[in-house]
>>> print(open('run-v8.cif').read())   # mmCIF, C-alpha atoms and all ligand atoms
data_structure
loop_
_atom_site.label_atom_id
_atom_site.label_comp_id
_atom_site.auth_asym_id
_atom_site.auth_seq_id
_atom_site.Cartn_x
_atom_site.Cartn_y
_atom_site.Cartn_z
CA MET A 844 61.82 125.23 -177.12
CA ASN A 845 65.36 125.83 -178.37
CA ILE A 846 68.00 126.13 -175.72
CA PRO A 847 71.22 128.00 -176.54
CA ASP A 848 74.37 125.84 -176.41
CA ARG A 849 75.91 127.87 -173.60
CA VAL A 850 72.83 127.48 -171.42
CA ARG A 851 72.74 123.75 -172.19
CA GLU A 852 76.40 123.35 -171.27
CA ARG A 853 75.93 125.20 -167.99
CA ALA A 854 72.83 123.14 -167.22
CA GLU A 855 74.75 119.90 -167.73
CA ARG A 856 77.56 121.13 -165.49
CA LEU A 857 75.03 122.10 -162.81
CA ALA A 858 73.11 118.81 -163.08
CA ASP A 859 73.82 117.83 -159.47
CA ALA A 860 73.12 121.34 -158.15
CA LEU A 861 69.59 121.87 -159.42
CA PRO A 862 67.15 123.58 -159.23
CA ALA A 863 68.89 126.75 -160.33
CA TYR A 864 68.30 129.91 -162.24
CA VAL A 865 70.68 130.79 -165.04
CA TYR A 866 70.66 134.30 -166.49
CA ASP A 867 72.19 134.71 -169.93
CA LEU A 868 73.55 138.23 -169.55
CA ALA A 869 75.21 138.22 -172.99
CA SER A 870 71.86 137.61 -174.68
CA LEU A 871 70.22 140.28 -172.50
CA ASP A 872 72.94 142.71 -173.54
CA ARG A 873 72.32 142.01 -177.25
CA HIS A 874 68.55 142.27 -176.83
CA ALA A 875 68.69 145.53 -174.86
CA ALA A 876 71.05 147.03 -177.44
CA ALA A 877 68.61 146.14 -180.24
CA VAL A 878 65.66 147.64 -178.33
CA ARG A 879 67.66 150.80 -177.64
CA ARG A 880 68.49 151.18 -181.36
CA ALA A 881 64.89 150.56 -182.43
CA LEU A 882 63.56 153.29 -180.12
CA HIS A 883 65.62 156.09 -181.75
CA GLY A 884 65.02 159.21 -179.64
CA VAL A 885 62.35 157.71 -177.39
CA GLU A 886 63.55 157.30 -173.80
CA LEU A 887 63.74 153.81 -172.32
CA TYR A 888 63.15 153.10 -168.63
CA TYR A 889 63.19 149.54 -167.29
CA ALA A 890 60.33 148.50 -164.98
CA VAL A 891 62.38 147.03 -162.14
CA LYS A 892 59.58 144.91 -160.68
CA ALA A 893 59.90 142.54 -163.67
CA ASN A 894 63.28 141.45 -162.28
CA PRO A 895 65.44 143.51 -159.90
CA ASP A 896 68.48 141.17 -159.99
CA PRO A 897 71.57 143.42 -159.70
CA ALA A 898 73.36 141.65 -162.57
CA LEU A 899 70.42 142.36 -164.87
CA LEU A 900 70.26 146.00 -163.77
CA HIS A 901 73.99 146.41 -164.49
CA THR A 902 73.54 144.81 -167.93
CA LEU A 903 70.59 147.06 -168.80
CA ALA A 904 72.06 150.30 -167.45
CA PRO A 905 74.05 151.32 -170.57
CA TYR A 906 70.92 151.04 -172.74
CA THR A 907 68.40 152.72 -170.46
CA ASP A 908 67.69 156.33 -169.56
CA GLY A 909 66.36 155.34 -166.15
CA PHE A 910 64.40 152.84 -164.09
CA GLU A 911 60.75 152.72 -163.13
CA VAL A 912 60.40 151.66 -159.49
CA SER A 913 57.25 150.90 -157.54
CA SER A 914 58.21 151.08 -153.87
CA GLY A 915 60.66 152.53 -151.39
CA GLY A 916 62.29 149.10 -151.35
CA GLU A 917 62.95 149.25 -155.08
CA VAL A 918 64.26 152.82 -154.76
CA ALA A 919 66.78 151.72 -152.09
CA HIS A 920 67.72 148.62 -154.08
CA VAL A 921 68.39 150.38 -157.40
CA ARG A 922 70.27 153.16 -155.59
CA SER A 923 72.53 150.57 -153.98
CA VAL A 924 73.22 148.89 -157.35
CA LEU A 925 73.33 151.98 -159.61
CA PRO A 926 73.73 155.08 -157.42
CA ASP A 927 73.42 157.55 -160.29
CA ALA A 928 70.43 156.06 -162.10
CA ARG A 929 67.37 158.18 -162.76
CA LEU A 930 64.32 156.82 -161.01
CA ALA A 931 60.64 157.26 -161.74
CA LEU A 932 58.53 156.23 -158.74
CA GLY A 933 55.12 154.79 -159.59
CA GLY A 934 52.59 152.46 -158.09
CA PRO A 935 49.26 152.89 -156.31
CA GLY A 936 49.35 153.31 -152.55
CA LYS A 937 52.59 155.22 -152.02
CA THR A 938 53.16 156.10 -148.36
CA ASP A 939 54.16 159.59 -147.23
CA ALA A 940 57.68 158.28 -146.61
CA GLU A 941 57.83 157.04 -150.22
CA LEU A 942 56.44 160.30 -151.58
CA ALA A 943 59.15 162.19 -149.68
CA LEU A 944 61.95 160.26 -151.45
CA ASP A 945 64.14 162.27 -153.79
CA VAL A 946 63.56 160.75 -157.23
CA HIS A 947 63.71 162.08 -160.78
CA ARG A 948 59.97 161.70 -161.39
CA VAL A 949 56.94 160.78 -159.31
CA HIS A 950 54.01 159.21 -161.16
CA VAL A 951 50.99 160.60 -159.31
CA GLU A 952 48.11 158.13 -159.03
CA SER A 953 45.27 160.24 -157.61
CA PRO A 954 44.25 163.71 -156.39
CA GLY A 955 44.57 162.42 -152.80
CA GLU A 956 48.11 161.31 -153.46
CA LEU A 957 48.93 164.66 -155.06
CA ARG A 958 47.66 166.48 -151.93
CA ARG A 959 50.02 164.41 -149.79
CA LEU A 960 52.88 164.89 -152.27
CA VAL A 961 52.44 168.68 -152.07
CA GLU A 962 52.72 168.40 -148.27
CA VAL A 963 55.76 166.13 -148.04
CA ALA A 964 57.68 166.73 -151.27
CA GLY A 965 60.72 168.78 -151.06
CA PRO A 966 60.18 169.59 -154.03
CA ALA A 967 59.13 167.01 -156.69
CA ASP A 968 58.72 166.66 -160.46
CA ALA A 969 55.53 164.82 -161.30
CA LEU A 970 53.76 163.08 -164.13
CA LEU A 971 50.03 162.49 -163.69
CA ARG A 972 49.07 158.88 -164.35
CA VAL A 973 46.04 158.78 -166.60
CA ASN A 974 43.57 155.98 -167.13
CA LEU A 975 41.66 156.72 -170.31
CA ALA A 976 38.47 154.99 -171.42
CA VAL A 977 40.10 153.53 -174.50
CA PRO A 978 39.63 149.94 -175.73
CA VAL A 979 42.33 147.54 -174.49
CA ASP A 980 41.04 144.48 -176.37
CA GLY A 981 43.51 141.64 -176.66
CA ALA A 982 45.49 142.66 -173.59
CA SER A 983 46.58 139.96 -171.14
CA LEU A 984 46.31 142.42 -168.23
CA ALA A 985 44.32 145.67 -168.20
CA MET A 986 45.49 148.41 -165.84
CA GLY A 987 43.36 151.01 -167.62
CA GLY A 988 40.56 151.46 -170.11
CA GLY A 989 37.94 151.31 -167.35
CA ALA A 990 37.46 151.27 -163.58
CA THR A 991 40.71 150.03 -161.94
CA PRO A 992 42.78 151.20 -158.94
CA PHE A 993 45.44 152.56 -161.32
CA GLY A 994 45.77 156.19 -162.27
CA MET A 995 43.04 158.75 -162.81
CA ASP A 996 40.20 159.32 -165.19
CA PRO A 997 40.01 162.72 -166.91
CA ASP A 998 38.02 164.19 -163.98
CA GLY A 999 40.75 163.17 -161.55
CA VAL A 1000 43.40 164.62 -163.84
CA ARG A 1001 41.55 167.96 -163.98
CA GLU A 1002 41.23 167.97 -160.20
CA CYS A 1003 45.01 167.53 -160.02
CA LEU A 1004 45.59 170.40 -162.43
CA ASP A 1005 43.52 172.62 -160.11
CA LEU A 1006 45.50 171.43 -157.07
CA LEU A 1007 48.77 172.21 -158.82
CA ARG A 1008 47.83 175.85 -159.29
CA GLY A 1009 48.92 178.13 -156.48
CA GLN A 1010 51.67 175.92 -155.06
CA ASN A 1011 55.32 175.46 -155.98
CA ARG A 1012 56.39 172.23 -154.28
CA VAL A 1013 55.31 169.94 -157.10
CA ARG A 1014 56.21 170.75 -160.67
CA LEU A 1015 54.06 169.17 -163.38
CA ARG A 1016 56.21 167.68 -166.15
CA GLY A 1017 53.59 165.78 -168.09
CA PHE A 1018 51.60 162.56 -168.15
CA HIS A 1019 52.10 158.88 -167.62
CA ALA A 1020 50.01 155.92 -168.71
CA HIS A 1021 50.38 152.17 -168.43
CA LEU A 1022 47.02 150.98 -169.68
CA ALA A 1023 47.50 147.38 -170.73
CA SER A 1024 49.97 144.55 -170.89
CA GLY A 1025 50.40 141.95 -173.62
CA LEU A 1026 49.66 144.09 -176.66
CA ARG A 1027 51.57 143.98 -179.93
CA ALA A 1028 53.10 147.06 -181.53
CA PRO A 1029 49.98 148.29 -183.44
CA GLY A 1030 47.76 148.01 -180.35
CA LEU A 1031 50.29 149.80 -178.15
CA LEU A 1032 50.76 152.53 -180.77
CA ASP A 1033 46.99 153.13 -180.78
CA LEU A 1034 47.08 153.54 -177.00
CA ALA A 1035 50.08 155.88 -177.27
CA LYS A 1036 48.17 158.04 -179.77
CA ALA A 1037 45.23 158.35 -177.39
CA VAL A 1038 47.49 159.21 -174.44
CA LEU A 1039 49.41 161.77 -176.50
CA ALA A 1040 46.26 163.46 -177.74
CA PHE A 1041 44.89 163.66 -174.20
CA GLY A 1042 48.17 164.90 -172.72
CA ARG A 1043 48.80 167.51 -175.40
CA ASP A 1044 45.29 168.83 -175.10
CA LEU A 1045 45.65 169.33 -171.34
CA ALA A 1046 49.20 170.63 -171.62
CA SER A 1047 48.12 173.37 -173.99
CA GLY A 1048 46.23 175.03 -171.11
CA GLN A 1049 49.21 174.77 -168.73
CA GLU A 1050 52.68 176.20 -168.50
CA LEU A 1051 54.31 173.02 -169.70
CA PRO A 1052 56.95 173.88 -172.26
CA ASP A 1053 58.88 170.56 -172.30
CA LEU A 1054 56.03 168.11 -172.19
CA GLU A 1055 56.94 164.57 -171.13
CA ILE A 1056 54.72 161.64 -171.91
CA ASN A 1057 55.47 158.19 -170.58
CA VAL A 1058 53.34 155.66 -172.44
CA GLY A 1059 54.24 152.75 -170.15
CA GLY A 1060 55.24 149.16 -170.76
CA GLY A 1061 53.21 146.06 -171.55
CA MET A 1062 54.93 144.98 -174.78
CA ALA A 1063 53.65 141.51 -175.70
CA VAL A 1064 55.62 138.41 -174.82
CA SER A 1065 54.32 135.11 -176.21
CA TYR A 1066 54.83 132.12 -173.92
CA GLN A 1067 53.11 129.97 -176.55
CA ASP A 1068 55.67 130.88 -179.20
CA PRO A 1069 59.00 132.00 -177.72
CA GLU A 1070 60.27 132.88 -181.21
CA GLU A 1071 57.54 135.48 -181.71
CA LEU A 1072 59.17 138.68 -180.47
CA PHE A 1073 57.60 142.09 -179.98
CA ASP A 1074 58.20 144.23 -183.07
CA TRP A 1075 60.43 146.89 -181.52
CA GLU A 1076 61.35 148.26 -184.96
CA ALA A 1077 57.74 149.02 -185.87
CA TYR A 1078 56.96 150.33 -182.40
CA GLY A 1079 60.04 152.57 -182.30
CA ARG A 1080 59.36 153.95 -185.79
CA GLY A 1081 55.73 154.54 -184.87
CA LEU A 1082 56.54 156.35 -181.63
CA GLU A 1083 59.28 158.41 -183.22
CA GLY A 1084 56.75 159.45 -185.86
CA LEU A 1085 54.28 160.53 -183.17
CA ARG A 1086 56.80 162.62 -181.21
CA ASP A 1087 56.61 166.40 -181.59
CA PRO A 1088 59.82 168.43 -181.46
CA GLY A 1089 60.56 169.48 -177.89
CA GLU A 1090 58.54 166.62 -176.42
CA THR A 1091 60.02 163.76 -174.44
CA LEU A 1092 58.45 160.40 -175.13
CA ARG A 1093 59.29 157.54 -172.79
CA VAL A 1094 58.48 153.85 -172.51
CA GLU A 1095 58.98 151.60 -169.48
CA PRO A 1096 58.91 147.91 -170.43
CA GLY A 1097 59.65 145.14 -167.98
CA ARG A 1098 58.69 141.69 -169.24
CA ALA A 1099 59.68 142.17 -172.89
CA LEU A 1100 63.20 143.20 -171.85
CA THR A 1101 64.15 140.50 -169.36
CA ALA A 1102 61.80 137.51 -169.87
CA TYR A 1103 64.02 135.87 -172.48
CA CYS A 1104 67.36 135.90 -170.64
CA GLY A 1105 66.24 133.73 -167.71
CA TRP A 1106 66.25 129.93 -167.43
CA TYR A 1107 64.96 127.88 -164.52
CA LEU A 1108 66.68 124.49 -164.50
CA THR A 1109 65.25 121.47 -162.73
CA ARG A 1110 65.73 117.71 -162.80
CA VAL A 1111 63.15 114.96 -163.17
CA ILE A 1112 62.91 113.11 -159.87
CA ASP A 1113 60.00 110.80 -160.67
CA VAL A 1114 57.91 109.73 -163.63
CA LYS A 1115 54.58 108.05 -163.04
CA ARG A 1116 51.34 107.08 -164.69
CA VAL A 1117 48.17 107.93 -162.73
CA HIS A 1118 44.75 106.99 -164.07
CA GLY A 1119 46.25 106.74 -167.51
CA GLU A 1120 48.07 110.09 -167.54
CA VAL A 1121 51.82 110.55 -167.30
CA PHE A 1122 53.37 112.96 -164.80
CA ALA A 1123 57.00 114.03 -164.59
CA VAL A 1124 57.81 115.43 -161.16
CA VAL A 1125 60.80 117.77 -161.09
CA THR A 1126 62.91 119.15 -158.25
CA GLY A 1127 61.80 122.66 -157.38
CA GLY A 1128 58.42 123.93 -158.42
CA THR A 1129 56.23 126.92 -158.92
CA HIS A 1130 57.40 128.32 -155.54
CA HIS A 1131 60.51 129.20 -157.57
CA LEU A 1132 58.78 129.96 -160.87
CA ARG A 1133 55.18 130.98 -160.33
CA THR A 1134 54.82 132.50 -163.79
CA PRO A 1135 52.85 129.62 -165.42
CA VAL A 1136 50.38 129.54 -162.52
CA ALA A 1137 50.06 133.32 -162.34
CA LYS A 1138 49.52 133.64 -166.10
CA GLY A 1139 47.69 130.35 -166.66
CA HIS A 1140 49.99 129.08 -169.40
CA ASP A 1141 52.35 126.18 -170.09
CA GLN A 1142 55.87 127.38 -169.40
CA PRO A 1143 58.01 126.64 -172.48
CA PHE A 1144 60.88 124.22 -171.79
CA ALA A 1145 63.53 121.96 -173.25
CA VAL A 1146 64.37 118.46 -171.98
CA LEU A 1147 68.06 117.50 -171.83
CA PRO A 1148 68.38 113.70 -171.95
CA THR A 1149 70.78 113.30 -169.04
CA GLY A 1150 68.69 110.68 -167.24
CA ARG A 1151 68.33 106.92 -167.14
CA PRO A 1152 66.97 105.56 -170.43
CA GLY A 1153 63.84 103.47 -170.19
CA THR A 1154 62.50 105.11 -167.02
CA GLY A 1155 59.89 107.24 -168.78
CA PRO A 1156 57.63 107.42 -171.81
CA THR A 1157 58.54 108.10 -175.44
CA ASP A 1158 56.50 110.69 -177.29
CA GLU A 1159 53.53 110.81 -174.98
CA PRO A 1160 51.60 113.70 -173.44
CA VAL A 1161 53.26 114.48 -170.09
CA THR A 1162 52.26 116.90 -167.34
CA VAL A 1163 55.28 118.48 -165.64
CA ALA A 1164 54.73 119.11 -161.93
CA GLY A 1165 56.89 120.36 -159.06
CA GLN A 1166 57.50 119.22 -155.49
CA LEU A 1167 54.69 121.14 -153.80
CA CYS A 1168 51.73 119.36 -152.20
CA THR A 1169 49.16 121.24 -154.22
CA PRO A 1170 47.54 120.47 -157.57
CA LYS A 1171 48.40 124.01 -158.65
CA ASP A 1172 52.10 123.18 -158.77
CA VAL A 1173 52.15 122.49 -162.52
CA PHE A 1174 54.49 123.99 -165.11
CA ALA A 1175 52.95 122.50 -168.25
CA ARG A 1176 50.09 120.16 -169.04
CA LYS A 1177 49.97 117.20 -171.43
CA VAL A 1178 52.88 118.25 -173.59
CA PRO A 1179 53.99 115.48 -176.00
CA MET A 1180 57.54 114.52 -175.07
CA SER A 1181 60.03 111.83 -174.24
CA VAL A 1182 61.36 112.05 -170.71
CA ASN A 1183 63.30 109.91 -168.23
CA VAL A 1184 64.13 110.10 -164.55
CA GLY A 1185 67.25 112.25 -164.20
CA ASP A 1186 66.63 114.34 -167.30
CA ILE A 1187 67.16 118.07 -166.94
CA VAL A 1188 64.12 120.20 -167.67
CA ALA A 1189 65.13 123.75 -168.62
CA PHE A 1190 62.24 126.21 -168.45
CA GLY A 1191 62.79 129.23 -170.66
CA MET A 1192 61.33 132.73 -170.55
CA ALA A 1193 61.99 132.77 -166.82
CA GLY A 1194 63.74 136.14 -166.63
CA ALA A 1195 60.73 138.31 -165.77
CA TYR A 1196 57.99 137.98 -163.14
CA ALA A 1197 59.55 134.67 -162.16
CA TRP A 1198 61.63 134.25 -158.97
CA THR A 1199 60.46 137.47 -157.29
CA ILE A 1200 56.74 136.81 -157.73
CA SER A 1201 57.03 133.27 -156.33
CA HIS A 1202 56.06 132.05 -152.86
CA HIS A 1203 59.56 130.84 -151.90
CA ASP A 1204 58.91 129.68 -148.38
CA PHE A 1205 55.91 127.46 -149.00
CA LEU A 1206 57.00 123.90 -147.98
CA MET A 1207 60.51 125.08 -147.05
CA HIS A 1208 62.38 123.40 -149.88
CA PRO A 1209 65.89 124.77 -150.52
CA ARG A 1210 66.23 127.87 -152.66
CA PRO A 1211 67.66 127.57 -156.17
CA GLY A 1212 71.18 128.65 -157.02
CA PHE A 1213 71.66 131.71 -159.23
CA HIS A 1214 74.20 131.65 -162.04
CA TYR A 1215 75.18 134.19 -164.67
CA LEU A 1216 76.49 133.67 -168.19
CA THR A 1217 78.54 136.67 -169.22
C1 LIG B 1301 54.46 146.62 -164.37
C2 LIG B 1301 54.53 147.95 -164.97
C3 LIG B 1301 55.29 148.17 -166.13
C4 LIG B 1301 55.96 147.07 -166.90
O1 LIG B 1301 55.02 146.25 -167.51
P1 LIG B 1301 55.49 145.06 -168.47
O2 LIG B 1301 54.23 144.38 -168.85
O3 LIG B 1301 56.39 144.20 -167.65
O4 LIG B 1301 56.20 145.67 -169.62
C5 LIG B 1301 55.40 149.47 -166.59
N1 LIG B 1301 54.77 150.49 -165.96
C6 LIG B 1301 54.03 150.32 -164.85
C7 LIG B 1301 53.36 151.47 -164.22
C8 LIG B 1301 53.88 149.04 -164.33
O5 LIG B 1301 53.11 148.86 -163.25
#
>>> encode(input="run-v8.cif", output="structure tokens", more="lines below")
Ligand SMILES: *Cc1c(COP(=O)(O)O)cnc(C)c1O
Amino acid sequence: MNIPDRVRERAERLADALPAYVYDLASLDRHAAAVRRALHGVELYYAVKANPDPALLHTLAPYTDGFEVSSGGEVAHVRSVLPDARLALGGPGKTDAELALDVHRVHVESPGELRRLVEVAGPADALLRVNLAVPVDGASLAMGGGATPFGMDPDGVRECLDLLRGQNRVRLRGFHAHLASGLRAPGLLDLAKAVLAFGRDLASGQELPDLEINVGGGMAVSYQDPEELFDWEAYGRGLEGLRDPGETLRVEPGRALTAYCGWYLTRVIDVKRVHGEVFAVVTGGTHHLRTPVAKGHDQPFAVLPTGRPGTGPTDEPVTVAGQLCTPKDVFARKVPMSVNVGDIVAFGMAGAYAWTISHHDFLMHPRPGFHYLT
């Protein structure tokens, strides 16, 4: 994949201090600004679990209306970084202590959770998380569209509406959905239409003058083709066209905002041929960047020829593995390349679901450094 000059220069300067993560905050700033413009009047929350790094949160803050958080830990973290940010607390399995936190919105996952929220909230503004039986074909992850632990089917939603009557601790503001991940703009717009129709229908029977609908995240990111970006223009136009006056529409992407700004830099420590296949072993491993294992893809990368010429193959299929003693520790399989011992391998698209989803302590290798390009 292409590596921007500034990332390449930093990688070469860090050559003796790898593995390391480099976050290109300037490119994140440009990207977030473009997403913000494309969304017109639709609100943008960032799903913090994709990457909670404080520098990224600071970079995103000017372009976002709030942050979607999924635990008490994330609430405390974002509050410490951005004390005034609006927070929407989601996630299945919230404890009473989490439900009692003072946040802008609570995304209610079940009638049982709503009962506990009514008891502990003091008070709270809630969106009901719906899981509609709509097709989610083509998605890389399905959180809805059928039986899953996420959100409620229409029966559960109606049970919640009954529970909400005759109490005043929890105020219903609208509906939330996050049905699938990895869909392109047309697929996500179809889901948004279904969620809007469902929400408006239920809202018409309630006292809900300023209906809010959060249609979630899940905007597609292609690890096969890093140049293929989600069509924010089409999505923003589509959503803006669906929005009724007086309604608040909100999205909460994670991956498609921060994936592109992160680089995980490693160095080739050994090249070998085993039973006819070539392996390049790099410092670090999937305990720092679990994304390719978790998603089952080849992580895109660039090789910087900083190594010793003649110590590796020219234009041959190479499998890039890490330092862990497990056959799962593979970043990419049989990718045609030229590589030598000492070359830098820069894995791109490592800004979301990367460091924080990785099993850092397995084998007790040192942690990577973290560096920021401003
Ligand atoms: C993870 C998550 C998101 C973000 O999903 P992406 O695929 O990273 O855009 C948004 N909303 C909820 C409820 C989530 O769990």
>>> axis_aligned_box(input="run-v8.cif", around="region 1045-1056 of chain A", padding_each_side="8 Å", output="AutoDock Vina command-line options")
--center_x 52.3 --center_y 168.9 --center_z -171.2 --size_x 29.2 --size_y 30.6 --size_z 21.5
>>> atom_distance(input="run-v8.cif", atom1="CA of Leu1072 (chain A)", atom2="CA of Gly987 (chain A)")
23.8 Å
>>> closest_residue(input="run-v8.cif", among="A:Val1178, A:Val924, A:Val1188, A:Leu970", to="Ile1112 (chain A)", atoms="only C-alpha atoms")
A:Val1188
>>> residues_around(input="run-v8.cif", residues="region 872-880 of chain A", least_positions_apart="5", cutoff="10 Å", atoms="only C-alpha atoms", output="MDAnalysis selection string")
chainID A and resid 867 885:887 899 901:908 1073:1076 1078:1079 1099:1101 1103:1104 1217
>>> atom_distance(input="run-v8.cif", atom1="CA of Gly1081 (chain A)", atom2="CA of Pro1029 (chain A)")
8.6 Å
>>> atom_distance(input="run-v8.cif", atom1="CA of Gly1060 (chain A)", atom2="CA of Gly999 (chain A)")
22.2 Å
>>> residues_near_ligand(input="run-v8.cif", ligand="ligand LIG 1301 (chain B)", cutoff="6 Å", atoms="only C-alpha atoms and all ligand atoms", output="ChimeraX atom specification")
/A:890,893,933,1021,1024,1059-1062,1095-1099
>>> write_last_selection(input="run-v8.cif", atoms="C-alpha atoms", output="JSON list (two decimals), keeping the file's coordinate frame")
[["chain", "number", "residue", "atom", "x", "y", "z"],
["A", 890, "ALA", "CA", 60.33, 148.50, -164.98],
["A", 893, "ALA", "CA", 59.90, 142.54, -163.67],
["A", 933, "GLY", "CA", 55.12, 154.79, -159.59],
["A", 1021, "HIS", "CA", 50.38, 152.17, -168.43],
["A", 1024, "SER", "CA", 49.97, 144.55, -170.89],
["A", 1059, "GLY", "CA", 54.24, 152.75, -170.15],
["A", 1060, "GLY", "CA", 55.24, 149.16, -170.76],
["A", 1061, "GLY", "CA", 53.21, 146.06, -171.55],
["A", 1062, "MET", "CA", 54.93, 144.98, -174.78],
["A", 1095, "GLU", "CA", 58.98, 151.60, -169.48],
["A", 1096, "PRO", "CA", 58.91, 147.91, -170.43],
["A", 1097, "GLY", "CA", 59.65, 145.14, -167.98],
["A", 1098, "ARG", "CA", 58.69, 141.69, -169.24],
["A", 1099, "ALA", "CA", 59.68, 142.17, -172.89]]
